[in-house]
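Single-structure report; data block below.
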Amino acid sequence: MRISFNNRFFSRETWTAVGFLLPLVGFVVIFILLPVLGTLTDSFFLDVTYRPKRFLGADNFIWLFNDPGFGRALRFTALFVLVSVPLEVILGLIMALVLNERLPLRGLMRAAVLVPWAIPAVVSGRIFELIYNYSYGAANYVLRTLHLTQGPVNWLGSEIGAFLALVAADSWKTTPFAAIILLAGLSAIPADLYRQAQVDRATFIQRFFKITLPLLKAVLIVVLLFRTIEALRVFDLIFVLTGGGPGGATTSVSLFGYNYFSAGDFGYGSTASVILFIMAFGLSLGLVKLGRVEQGVMP
Amino acid sequence: MPAVIWLVCACGQANDESVVFAVGGAPSEVAFWEELLVDFKRQSGIRVDLLRQPADTDQRRQGLVIALNARQSDPDVFLMDVAWLGLFVASDWLAPLEDDVEAAPFFQRVIKLVDRRQEHLMALPVYLDAGILYYRRDLLERFQLPGPPGTWPELLSQALTVQRAMRKTNPRFYGFVWQGAQYEGLVCNFMEFSGSRGGFLQQGGELRLDVAANRTALTFMRDLIRQYRISPPNTYTEMKEEQVRLYFQAGNALFERNWPYAWALHQSPASKIKNKIGMAPLPAPPDGERVATLGGWHIGLSRFSDRRHQALKLIRFITSYDTQKKIMSRMGWNPGREDLYDDPDVLRRAPQYRELKDVFQYAQPRPLLPYYTQISAIAQRHINSVLADRKSAEQALSEAQGEIDALQQRYDVE
């Protein structure tokens, strides 16, 4: 009985595979699954350091949705994703198309493009701080030298200014990521297709929309997926550049949650994280599904 | 996997003989503490392991909150920002010091307002801070002004006069620089603009922010930037302690609001304003008494400490007359012991301590609530949005009050 069970479901090979997988599964369970479940549990509790832990039911969620600070953070985060992700993907696509051409110094250019991506977000945040700084920033220096404005501009001083400054800094950093992934997608498109199109005298525009874009769709969706999730949980750049200001205008959901964690309110901070998790998870599912459908349509 | 966990835990365990003391700050500050601990070991034979914390105040708090919330026996002793005391006491993380230390030589006002909670002595002030006004003595004399301003409107009129004249030669000159960025320092500044009838008023456990004195103060703060333009436009985006200090120290401002640490730096050999400055209490509002926000660091003993006896010896050493004097002469900090401010030796070398002693007499702590950090975050956001001209003082304060009420309701339910 035991032997037949082994033979039918768990051959020697399967056991070996399980043995190899176990450390990885253990790693995922301990460092990803348990913390996620812990956060989820905590979101149902009043968990502050100075009171005994108490079950609240859905109260944290009700408070959160009535919290004007959280509403603002949600709006800001949504807007940040909607503006920065398409911008980065479009710029990345243009960059990838250029890098895919046979230009002189192509290898060097490809490497150079990656530099912003290789810089940690905190460091690029500091770099942009030096650009936007009111008294000694590079942006105001350029304006002053070219006599474009009367006095220096307080770039991070208005809601829209701070927002655009963050979008610019984020795009600078992550466009190369989109470009590299899309470049990989581009080089996977068979060159024969383009040659055939040339025989048929297809214009550049026609080639782009009839060949490049449809064949790139799967990769595009992967890029969109990665970028959307990352943009949703944007934290480090904001932490360094605006600290969530002015007047809380650039506080993202992550920063909102962090502020509560850091102040010792673990329950409320967890609740914000859970909402963020649900948002990221839902969007990912949607995008993956979109990717599947598109794959079915692909020639 | 268990082996890995065992290794991680083993590293965290303290040596049998030693006390663990958590302290952070700039590298020079940590180096100073290390030196002190060498002295302590020579005197007492007790070794102290320094748990080095970052310079950032929020990160220092976070590190301690995590260790104490997990009831770890280390660190045994730590320094706390005055703004955390409410949280640490309410969380029951501190062991009372009581008869093991002598509290009499310390500023009794501070001990009463901050360190003595529910009849127990929970901490001792190692060094104190309070907001003060720095002014350019040379400029006040040149423009024949009577001396540092006593009220906020007086400060405004002096600043306008001097700024107008100075702008002819220095386009970057401003009348008054202060901390307006969205962070804890903004709340400290706000309390000082508001004076004794404003700030966070506590009425039977309820916190009132939406009061007349605060509306006046907040409008005044905005107008300093937007209407009178005696404070730079980046006040509410970039101005924290250091930015303000450097601006003043470059000779580009008449008045500066800062903590006492700036004095020694302003008077350093490389400073452009050396020997041209004075120090005074901050102005009073037209209505009410003047306020200086109390800052500073207090020493506490962990309730979970397994080295209580040695830890108390360390606390007694750090709060002793000699060590406190060293803190004063070496680091330029303001000791929590009042008796040092009359020390002839100290006054000969640093006469400014005579004035500082008075400042601490009316220093005002921030509310000692366990959830003060969240209250402060709400206040920072709304005050800053008025400075950014996104809403009026009336609207911001009433919105902030609504959020504070909701927060108090959330935390105070039993």
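Chain labels run A, B, ... following the order of the structure tokens; each chain numbers its residues from 1, and ligands are numbered from 1 in the order shown.
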Requested in this report: Considering only C-alpha atoms, return as a list in words whatever protein or nucleic-acid residues lie within 8 Å of region 268-277 of chain A, sequence-local ones (same chain, fewer than 5 positions apart) excluded.
Outcome: Thr39, Leu40, Asp42, Ser43, Phe44, Leu46, Asp47, Asn60, Phe61, Leu64, Leu232, Arg233, Val253, Ser254, Phe256, Gly257, Tyr258, Asn259, Tyr260 and Phe261 of chain A
Limited to N, CA and C atoms, could you put the picked residues into a file as a JSON list (two decimals), in the first residue's frame?
```json
[["chain", "number", "residue", "atom", "x", "y", "z"],
["A", 39, "THR", "N", 0.27, 41.05, 9.77],
["A", 39, "THR", "CA", -0.25, 42.39, 9.49],
["A", 39, "THR", "C", -1.76, 42.36, 9.36],
["A", 40, "LEU", "N", -2.25, 41.33, 8.67],
["A", 40, "LEU", "CA", -3.69, 41.20, 8.48],
["A", 40, "LEU", "C", -4.39, 41.06, 9.84],
["A", 42, "ASP", "N", -3.28, 42.00, 12.75],
["A", 42, "ASP", "CA", -3.12, 43.22, 13.52],
["A", 42, "ASP", "C", -4.11, 44.30, 13.12],
["A", 43, "SER", "N", -4.57, 44.25, 11.87],
["A", 43, "SER", "CA", -5.46, 45.31, 11.41],
["A", 43, "SER", "C", -6.83, 45.22, 12.07],
["A", 44, "PHE", "N", -7.09, 44.13, 12.77],
["A", 44, "PHE", "CA", -8.37, 44.00, 13.47],
["A", 44, "PHE", "C", -8.25, 44.32, 14.96],
["A", 46, "LEU", "N", -6.79, 46.97, 18.27],
["A", 46, "LEU", "CA", -6.19, 48.19, 18.77],
["A", 46, "LEU", "C", -4.85, 47.75, 19.34],
["A", 47, "ASP", "N", -3.79, 48.04, 18.62],
["A", 47, "ASP", "CA", -2.47, 47.56, 19.04],
["A", 47, "ASP", "C", -1.56, 48.77, 19.25],
["A", 60, "ASN", "N", -10.99, 49.58, 12.76],
["A", 60, "ASN", "CA", -9.84, 50.25, 12.16],
["A", 60, "ASN", "C", -10.15, 50.67, 10.73],
["A", 61, "PHE", "N", -10.83, 49.77, 10.02],
["A", 61, "PHE", "CA", -11.14, 50.05, 8.61],
["A", 61, "PHE", "C", -12.15, 51.19, 8.51],
["A", 64, "LEU", "N", -10.38, 54.35, 9.30],
["A", 64, "LEU", "CA", -9.46, 54.70, 8.22],
["A", 64, "LEU", "C", -10.21, 55.39, 7.08],
["A", 232, "LEU", "N", 2.54, 52.26, -6.53],
["A", 232, "LEU", "CA", 1.52, 52.23, -5.48],
["A", 232, "LEU", "C", 2.15, 52.34, -4.09],
["A", 233, "ARG", "N", 3.28, 51.66, -3.93],
["A", 233, "ARG", "CA", 3.88, 51.67, -2.59],
["A", 233, "ARG", "C", 5.04, 52.66, -2.50],
["A", 253, "VAL", "N", 0.15, 56.39, 0.64],
["A", 253, "VAL", "CA", -0.44, 55.44, 1.57],
["A", 253, "VAL", "C", 0.66, 54.76, 2.40],
["A", 254, "SER", "N", 1.78, 54.43, 1.77],
["A", 254, "SER", "CA", 2.89, 53.80, 2.50],
["A", 254, "SER", "C", 3.41, 54.72, 3.59],
["A", 256, "PHE", "N", 1.86, 57.16, 5.01],
["A", 256, "PHE", "CA", 0.80, 57.28, 6.01],
["A", 256, "PHE", "C", 0.89, 56.12, 7.01],
["A", 257, "GLY", "N", 0.98, 54.90, 6.47],
["A", 257, "GLY", "CA", 1.08, 53.72, 7.34],
["A", 257, "GLY", "C", 2.35, 53.75, 8.17],
["A", 258, "TYR", "N", 3.45, 54.12, 7.53],
["A", 258, "TYR", "CA", 4.74, 54.16, 8.23],
["A", 258, "TYR", "C", 4.67, 55.11, 9.42],
["A", 259, "ASN", "N", 4.05, 56.29, 9.19],
["A", 259, "ASN", "CA", 3.98, 57.27, 10.26],
["A", 259, "ASN", "C", 3.30, 56.69, 11.49],
["A", 260, "TYR", "N", 2.27, 55.87, 11.29],
["A", 260, "TYR", "CA", 1.59, 55.27, 12.44],
["A", 260, "TYR", "C", 2.43, 54.17, 13.08],
["A", 261, "PHE", "N", 3.06, 53.36, 12.25],
["A", 261, "PHE", "CA", 3.96, 52.33, 12.79],
["A", 261, "PHE", "C", 5.03, 52.98, 13.65]]
```
So which bits of region 14-186 of chain A end up strand (DSSP E or B) when you DSSP the backbone, as a CSV table (one decimal) with N, CA and C atoms, in the first residue's frame?
```
chain,number,residue,atom,x,y,z
A,45,PHE,N,-7.1,44.8,15.4
A,45,PHE,CA,-6.8,45.1,16.8
A,45,PHE,C,-6.5,46.5,17.1
A,46,LEU,N,-6.8,47.0,18.3
A,46,LEU,CA,-6.2,48.2,18.8
A,46,LEU,C,-4.9,47.7,19.3
A,48,VAL,N,-1.7,49.4,20.4
A,48,VAL,CA,-0.8,50.5,20.8
A,48,VAL,C,0.0,50.0,22.0
A,54,ARG,N,-6.4,44.8,22.0
A,54,ARG,CA,-7.9,44.6,22.1
A,54,ARG,C,-8.5,44.4,20.7
A,55,PHE,N,-9.4,43.4,20.6
A,55,PHE,CA,-10.0,43.1,19.3
A,55,PHE,C,-11.0,44.2,19.0
```
Contact check, chain B to chain A, at most 9 Å, counting only C-alpha atoms, closest pairs as JSON lines:
```
{"residue": "B:Met1", "atom": "CA", "partner": "A:Gly26", "partner_atom": "CA", "distance": 8.4}
{"residue": "B:Asp58", "atom": "CA", "partner": "A:Ser262", "partner_atom": "CA", "distance": 7.5}
{"residue": "B:Gln59", "atom": "CA", "partner": "A:Ser262", "partner_atom": "CA", "distance": 8.0}
{"residue": "B:Arg61", "atom": "CA", "partner": "A:Ser262", "partner_atom": "CA", "distance": 8.1}
{"residue": "B:Gln62", "atom": "CA", "partner": "A:Ser262", "partner_atom": "CA", "distance": 5.7}
{"residue": "B:Val65", "atom": "CA", "partner": "A:Gly264", "partner_atom": "CA", "distance": 7.0}
{"residue": "B:Ile66", "atom": "CA", "partner": "A:Gly264", "partner_atom": "CA", "distance": 8.5}
{"residue": "B:Asn69", "atom": "CA", "partner": "A:Thr49", "partner_atom": "CA", "distance": 6.5}
{"residue": "B:Leu87", "atom": "CA", "partner": "A:Tyr50", "partner_atom": "CA", "distance": 7.0}
{"residue": "B:Phe88", "atom": "CA", "partner": "A:Tyr50", "partner_atom": "CA", "distance": 8.0}
{"residue": "B:Val89", "atom": "CA", "partner": "A:Tyr50", "partner_atom": "CA", "distance": 8.3}
{"residue": "B:Ala90", "atom": "CA", "partner": "A:Tyr50", "partner_atom": "CA", "distance": 5.3}
{"residue": "B:Ser91", "atom": "CA", "partner": "A:Tyr50", "partner_atom": "CA", "distance": 3.7}
{"residue": "B:Asp92", "atom": "CA", "partner": "A:Tyr50", "partner_atom": "CA", "distance": 7.1}
{"residue": "B:Ala181", "atom": "CA", "partner": "A:Pro246", "partner_atom": "CA", "distance": 8.0}
{"residue": "B:Gln182", "atom": "CA", "partner": "A:Gly245", "partner_atom": "CA", "distance": 6.2}
{"residue": "B:Tyr183", "atom": "CA", "partner": "A:Gly243", "partner_atom": "CA", "distance": 8.3}
{"residue": "B:Pro233", "atom": "CA", "partner": "A:Asn154", "partner_atom": "CA", "distance": 6.8}
{"residue": "B:Asn234", "atom": "CA", "partner": "A:Asn154", "partner_atom": "CA", "distance": 6.2}
{"residue": "B:Tyr236", "atom": "CA", "partner": "A:Gly157", "partner_atom": "CA", "distance": 7.4}
{"residue": "B:Thr237", "atom": "CA", "partner": "A:Gly157", "partner_atom": "CA", "distance": 5.9}
{"residue": "B:Glu238", "atom": "CA", "partner": "A:Asn133", "partner_atom": "CA", "distance": 7.9}
{"residue": "B:Pro370", "atom": "CA", "partner": "A:Tyr50", "partner_atom": "CA", "distance": 7.1}
{"residue": "B:Tyr371", "atom": "CA", "partner": "A:Ala263", "partner_atom": "CA", "distance": 7.5}
{"residue": "B:Tyr372", "atom": "CA", "partner": "A:Ala263", "partner_atom": "CA", "distance": 8.7}
{"residue": "B:Thr373", "atom": "CA", "partner": "A:Ala263", "partner_atom": "CA", "distance": 5.9}
{"residue": "B:Gln374", "atom": "CA", "partner": "A:Ala263", "partner_atom": "CA", "distance": 6.8}
{"residue": "B:Ala377", "atom": "CA", "partner": "A:Asn259", "partner_atom": "CA", "distance": 8.4}
{"residue": "B:Ile378", "atom": "CA", "partner": "A:Gly69", "partner_atom": "CA", "distance": 8.4}
{"residue": "B:Gln380", "atom": "CA", "partner": "A:Gly247", "partner_atom": "CA", "distance": 7.4}
{"residue": "B:Arg381", "atom": "CA", "partner": "A:Gly247", "partner_atom": "CA", "distance": 4.4}
{"residue": "B:His382", "atom": "CA", "partner": "A:Gly247", "partner_atom": "CA", "distance": 5.8}
{"residue": "B:Ile383", "atom": "CA", "partner": "A:Gly247", "partner_atom": "CA", "distance": 7.1}
{"residue": "B:Asn384", "atom": "CA", "partner": "A:Gly247", "partner_atom": "CA", "distance": 4.6}
{"residue": "B:Ser385", "atom": "CA", "partner": "A:Gly247", "partner_atom": "CA", "distance": 3.8}
{"residue": "B:Val386", "atom": "CA", "partner": "A:Gly247", "partner_atom": "CA", "distance": 7.5}
{"residue": "B:Leu387", "atom": "CA", "partner": "A:Gly247", "partner_atom": "CA", "distance": 8.2}
{"residue": "B:Ala388", "atom": "CA", "partner": "A:Pro246", "partner_atom": "CA", "distance": 6.5}
{"residue": "B:Asp389", "atom": "CA", "partner": "A:Ser158", "partner_atom": "CA", "distance": 8.5}
{"residue": "B:Arg390", "atom": "CA", "partner": "A:Gly247", "partner_atom": "CA", "distance": 8.0}
{"residue": "B:Glu403", "atom": "CA", "partner": "A:Asp67", "partner_atom": "CA", "distance": 7.5}
{"residue": "B:Ala406", "atom": "CA", "partner": "A:Asp67", "partner_atom": "CA", "distance": 8.5}
{"residue": "B:Arg410", "atom": "CA", "partner": "A:Trp63", "partner_atom": "CA", "distance": 8.3}
{"residue": "B:Tyr411", "atom": "CA", "partner": "A:Leu46", "partner_atom": "CA", "distance": 8.4}
```
Kindly save the residues from that selection, with N, CA and C atoms included, as a compact mmCIF listing (two decimals), in the first residue's frame.
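Final output, part12.txt:
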```txt
# COMPACT_ATOMS: atom_id res chain seq x y z
N MET B 1 17.05 25.93 9.54
CA MET B 1 16.43 27.22 9.92
C MET B 1 16.54 27.52 11.41
N ASP B 58 13.33 60.53 15.28
CA ASP B 58 12.26 59.56 15.07
C ASP B 58 12.80 58.14 15.03
N GLN B 59 13.95 57.98 14.41
CA GLN B 59 14.53 56.63 14.33
C GLN B 59 15.02 56.15 15.68
N ARG B 61 13.60 56.92 18.50
CA ARG B 61 12.39 56.49 19.22
C ARG B 61 11.97 55.11 18.74
N GLN B 62 11.95 54.94 17.42
CA GLN B 62 11.50 53.68 16.86
C GLN B 62 12.32 52.51 17.39
N VAL B 65 11.26 51.82 20.95
CA VAL B 65 9.89 51.31 21.03
C VAL B 65 9.88 49.82 20.70
N ILE B 66 10.63 49.42 19.68
CA ILE B 66 10.63 48.01 19.28
C ILE B 66 11.23 47.14 20.39
N ASN B 69 8.86 47.29 23.57
CA ASN B 69 7.57 46.64 23.34
C ASN B 69 7.73 45.12 23.38
N LEU B 87 4.53 58.72 26.12
CA LEU B 87 4.40 57.36 25.58
C LEU B 87 5.10 56.33 26.46
N PHE B 88 6.33 56.65 26.88
CA PHE B 88 7.12 55.68 27.62
C PHE B 88 6.52 55.41 29.01
N VAL B 89 6.00 56.46 29.62
CA VAL B 89 5.40 56.28 30.94
C VAL B 89 4.10 55.50 30.83
N ALA B 90 3.25 55.91 29.87
CA ALA B 90 1.96 55.23 29.73
C ALA B 90 2.12 53.77 29.33
N SER B 91 3.18 53.46 28.59
CA SER B 91 3.42 52.08 28.18
C SER B 91 4.02 51.26 29.30
N ASP B 92 4.34 51.92 30.43
CA ASP B 92 4.91 51.24 31.58
C ASP B 92 6.26 50.60 31.26
N ALA B 181 9.26 74.02 8.22
CA ALA B 181 9.05 72.80 7.44
C ALA B 181 8.10 71.86 8.19
N GLN B 182 7.53 70.92 7.48
CA GLN B 182 6.57 70.01 8.11
C GLN B 182 7.31 68.95 8.91
N TYR B 183 7.58 69.24 10.18
CA TYR B 183 8.24 68.30 11.08
C TYR B 183 8.02 68.79 12.50
N PRO B 233 10.62 82.54 1.38
CA PRO B 233 9.54 81.71 0.85
C PRO B 233 9.75 80.22 1.11
N ASN B 234 10.99 79.77 1.30
CA ASN B 234 11.21 78.34 1.54
C ASN B 234 11.11 78.00 3.02
N TYR B 236 8.57 77.24 4.77
CA TYR B 236 7.67 76.12 5.07
C TYR B 236 8.02 74.85 4.29
N THR B 237 9.05 74.88 3.46
CA THR B 237 9.44 73.66 2.76
C THR B 237 10.79 73.13 3.23
N GLU B 238 11.72 74.02 3.53
CA GLU B 238 13.08 73.53 3.78
C GLU B 238 13.65 73.90 5.14
N PRO B 370 0.47 59.72 25.46
CA PRO B 370 1.16 58.60 24.80
C PRO B 370 1.03 58.65 23.29
N TYR B 371 0.00 59.31 22.79
CA TYR B 371 -0.17 59.40 21.34
C TYR B 371 0.18 60.80 20.84
N TYR B 372 1.10 61.48 21.56
CA TYR B 372 1.47 62.84 21.15
C TYR B 372 2.01 62.87 19.72
N THR B 373 2.78 61.85 19.33
CA THR B 373 3.37 61.84 17.99
C THR B 373 2.30 61.99 16.92
N GLN B 374 1.18 61.30 17.10
CA GLN B 374 0.11 61.39 16.10
C GLN B 374 -0.57 62.75 16.14
N ALA B 377 1.62 65.05 14.38
CA ALA B 377 1.58 64.87 12.92
C ALA B 377 0.38 65.61 12.32
N ILE B 378 -0.75 65.54 12.99
CA ILE B 378 -1.94 66.24 12.50
C ILE B 378 -1.68 67.75 12.52
N GLN B 380 1.18 69.38 12.55
CA GLN B 380 2.20 69.76 11.55
C GLN B 380 1.59 69.92 10.17
N ARG B 381 0.78 68.94 9.80
CA ARG B 381 0.20 68.93 8.46
C ARG B 381 -0.67 70.18 8.25
N HIS B 382 -1.50 70.50 9.23
CA HIS B 382 -2.44 71.61 9.04
C HIS B 382 -1.75 72.96 9.16
N ILE B 383 -0.82 73.08 10.10
CA ILE B 383 -0.09 74.35 10.23
C ILE B 383 0.69 74.60 8.95
N ASN B 384 1.36 73.57 8.48
CA ASN B 384 2.16 73.71 7.27
C ASN B 384 1.31 74.08 6.06
N SER B 385 0.08 73.56 6.01
CA SER B 385 -0.75 73.86 4.84
C SER B 385 -1.23 75.32 4.87
N VAL B 386 -1.29 75.93 6.06
CA VAL B 386 -1.61 77.37 6.11
C VAL B 386 -0.41 78.16 5.58
N LEU B 387 0.80 77.76 5.99
CA LEU B 387 2.00 78.46 5.52
C LEU B 387 2.14 78.30 4.00
N ALA B 388 1.68 77.16 3.48
CA ALA B 388 1.72 76.93 2.03
C ALA B 388 0.58 77.66 1.33
N ASP B 389 -0.25 78.34 2.12
CA ASP B 389 -1.39 79.11 1.60
C ASP B 389 -2.43 78.23 0.94
N ARG B 390 -2.57 77.02 1.43
CA ARG B 390 -3.58 76.13 0.87
C ARG B 390 -4.91 76.28 1.57
N GLU B 403 -9.81 66.23 13.52
CA GLU B 403 -8.98 65.02 13.45
C GLU B 403 -8.46 64.64 14.83
N ALA B 406 -11.23 62.99 16.80
CA ALA B 406 -11.45 61.61 16.34
C ALA B 406 -10.35 60.70 16.88
N ARG B 410 -10.57 57.56 19.45
CA ARG B 410 -10.10 56.23 19.08
C ARG B 410 -9.21 55.64 20.17
N TYR B 411 -8.36 56.49 20.78
CA TYR B 411 -7.39 55.96 21.73
C TYR B 411 -7.92 55.90 23.16
```
Query raised in the report: Between A:Ile211, A:Ala111, A:Ile62, A:Ala191, which one has atoms that come closest to Pro176 (chain A), using only C-alpha atoms?
Result: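 Going through A:Ile211, A:Ala111, A:Ile62, A:Ala191 one by one, the smallest distance to Pro176 (chain A) is for A:Ala111.
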Requested in this report: For region 193-199 of chain B, please output as a PyMOL selection string all residues within 7 Å (counting only C-alpha atoms; exclusion window: fewer than 5 positions along the same chain).
Outcome: chain B and resi 209+211+213-214+217+284-285+288-291
**Report entry** All alpha helix (DSSP H) positions in region 187-342 of chain B, as a ChimeraX atom specification
**Finding:** /B:187-194,212-226,235-238,241-249,262-266,308-318,321-326
Written selection (C-alpha atoms) as a tab-separated table (two decimals), in the first residue's frame:
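Now in result.tsv:
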```tsv
chain	number	residue	atom	x	y	z
B	187	VAL	CA	5.00	72.52	16.27
B	188	CYS	CA	7.61	73.90	18.68
B	189	ASN	CA	7.73	77.19	16.77
B	190	PHE	CA	3.94	77.34	16.60
B	191	MET	CA	3.63	77.03	20.39
B	192	GLU	CA	5.98	79.98	20.79
B	193	PHE	CA	4.13	82.20	18.33
B	194	SER	CA	0.89	81.37	20.17
B	212	ALA	CA	-8.34	82.42	19.23
B	213	ALA	CA	-4.66	82.73	20.21
B	214	ASN	CA	-3.75	79.96	17.79
B	215	ARG	CA	-5.74	81.48	14.93
B	216	THR	CA	-3.97	84.81	15.45
B	217	ALA	CA	-0.56	83.17	15.69
B	218	LEU	CA	-1.03	81.01	12.64
B	219	THR	CA	-2.21	83.92	10.50
B	220	PHE	CA	0.79	85.91	11.75
B	221	MET	CA	3.16	83.06	10.82
B	222	ARG	CA	1.72	82.91	7.31
B	223	ASP	CA	1.87	86.69	6.92
B	224	LEU	CA	5.55	86.75	7.90
B	225	ILE	CA	6.19	84.75	4.74
B	226	ARG	CA	3.42	85.90	2.42
B	235	THR	CA	10.47	78.68	5.27
B	236	TYR	CA	7.67	76.12	5.07
B	237	THR	CA	9.44	73.66	2.76
B	238	GLU	CA	13.08	73.53	3.78
B	241	GLU	CA	17.17	73.84	12.62
B	242	GLU	CA	20.30	73.52	10.54
B	243	GLN	CA	19.02	75.37	7.48
B	244	VAL	CA	17.91	78.21	9.72
B	245	ARG	CA	21.20	78.26	11.61
B	246	LEU	CA	23.27	78.34	8.43
B	247	TYR	CA	21.13	81.10	6.94
B	248	PHE	CA	21.61	83.29	10.01
B	249	GLN	CA	25.24	82.36	10.35
B	262	ALA	CA	23.37	77.32	17.75
B	263	TRP	CA	25.18	79.77	20.06
B	264	ALA	CA	28.51	77.97	20.13
B	265	LEU	CA	28.43	77.45	16.36
B	266	HIS	CA	27.55	81.09	15.68
B	308	ARG	CA	19.21	47.45	37.81
B	309	HIS	CA	21.87	48.10	40.41
B	310	GLN	CA	24.64	48.85	37.88
B	311	ALA	CA	22.26	50.82	35.68
B	312	LEU	CA	21.36	53.13	38.57
B	313	LYS	CA	25.04	53.74	39.19
B	314	LEU	CA	25.39	54.79	35.57
B	315	ILE	CA	22.42	57.17	35.86
B	316	ARG	CA	23.89	58.69	39.02
B	317	PHE	CA	27.19	59.14	37.21
B	318	ILE	CA	25.67	60.84	34.16
B	321	TYR	CA	27.68	67.58	39.03
B	322	ASP	CA	31.02	66.73	37.45
B	323	THR	CA	29.67	64.87	34.44
B	324	GLN	CA	27.01	67.51	33.86
B	325	LYS	CA	29.72	70.16	33.95
B	326	LYS	CA	31.66	68.18	31.38
```
Report summary line: Here CA of Met80 (chain B) and CA of Ala280 (chain B) stand apart by 27.1 Å
Report task. Write out as a list in words each polymer residue whose atoms come within 12 Å of region 98-101 of chain A, counting only C-alpha atoms; drop sequence neighbours fewer than 6 positions from it. Result ->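 Contacts, in chain order: Leu91, Gly92, Gly107, Leu108, Met109, Arg110, Ala111, Ala112, Val113, Leu114, Pro176, Ala179, Ile180, Ile181, Leu182, Leu183, Ala184, Gly185, Leu186, Ser187, Ala188, Ile189, Ala191 and Thr212 of chain A.
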For the selection just defined, write its residues with C-alpha atoms to a file, as a PDB file, in the first residue's frame.
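File out.pdb, as written:
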```pdb
ATOM      1  CA  LEU A  91       9.420  57.296 -22.274  1.00  0.00           C
ATOM      2  CA  GLY A  92      10.882  53.841 -21.675  1.00  0.00           C
ATOM      3  CA  GLY A 107      26.708  49.177 -25.826  1.00  0.00           C
ATOM      4  CA  LEU A 108      27.912  52.232 -23.974  1.00  0.00           C
ATOM      5  CA  MET A 109      24.544  53.939 -24.333  1.00  0.00           C
ATOM      6  CA  ARG A 110      22.704  50.904 -23.027  1.00  0.00           C
ATOM      7  CA  ALA A 111      24.938  50.818 -19.982  1.00  0.00           C
ATOM      8  CA  ALA A 112      24.660  54.557 -19.382  1.00  0.00           C
ATOM      9  CA  VAL A 113      20.871  54.443 -19.467  1.00  0.00           C
ATOM     10  CA  LEU A 114      20.899  52.026 -16.570  1.00  0.00           C
ATOM     11  CA  PRO A 176      15.526  52.984 -17.557  1.00  0.00           C
ATOM     12  CA  ALA A 179      13.460  50.709 -21.214  1.00  0.00           C
ATOM     13  CA  ILE A 180      15.613  47.663 -20.453  1.00  0.00           C
ATOM     14  CA  ILE A 181      12.701  45.251 -20.124  1.00  0.00           C
ATOM     15  CA  LEU A 182      11.106  46.598 -23.290  1.00  0.00           C
ATOM     16  CA  LEU A 183      14.447  46.374 -25.069  1.00  0.00           C
ATOM     17  CA  ALA A 184      14.593  42.695 -24.228  1.00  0.00           C
ATOM     18  CA  GLY A 185      11.092  42.349 -25.678  1.00  0.00           C
ATOM     19  CA  LEU A 186      12.095  44.207 -28.829  1.00  0.00           C
ATOM     20  CA  SER A 187      15.114  42.042 -29.487  1.00  0.00           C
ATOM     21  CA  ALA A 188      12.901  38.953 -29.210  1.00  0.00           C
ATOM     22  CA  ILE A 189      10.808  40.059 -32.209  1.00  0.00           C
ATOM     23  CA  ALA A 191      13.822  40.357 -37.731  1.00  0.00           C
ATOM     24  CA  THR A 212       6.209  46.035 -32.814  1.00  0.00           C
TER      25      THR A 212
END
```
**Report entry** Å distance separating CA of Val38 (chain B) from CA of Leu79 (chain B), one decimal place
**Finding:**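 Computed distance, CA of Val38 (chain B) to CA of Leu79 (chain B), equals 18.2 Å.
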Requested in this report: Considering only C-alpha atoms, return as a VMD selection string whatever protein or nucleic-acid residues lie within 10 Å of Trp297 (chain B), sequence-local ones (same chain, fewer than 6 positions apart) excluded.
Outcome: chain B and resid 78 to 85 123 to 129 335 to 336
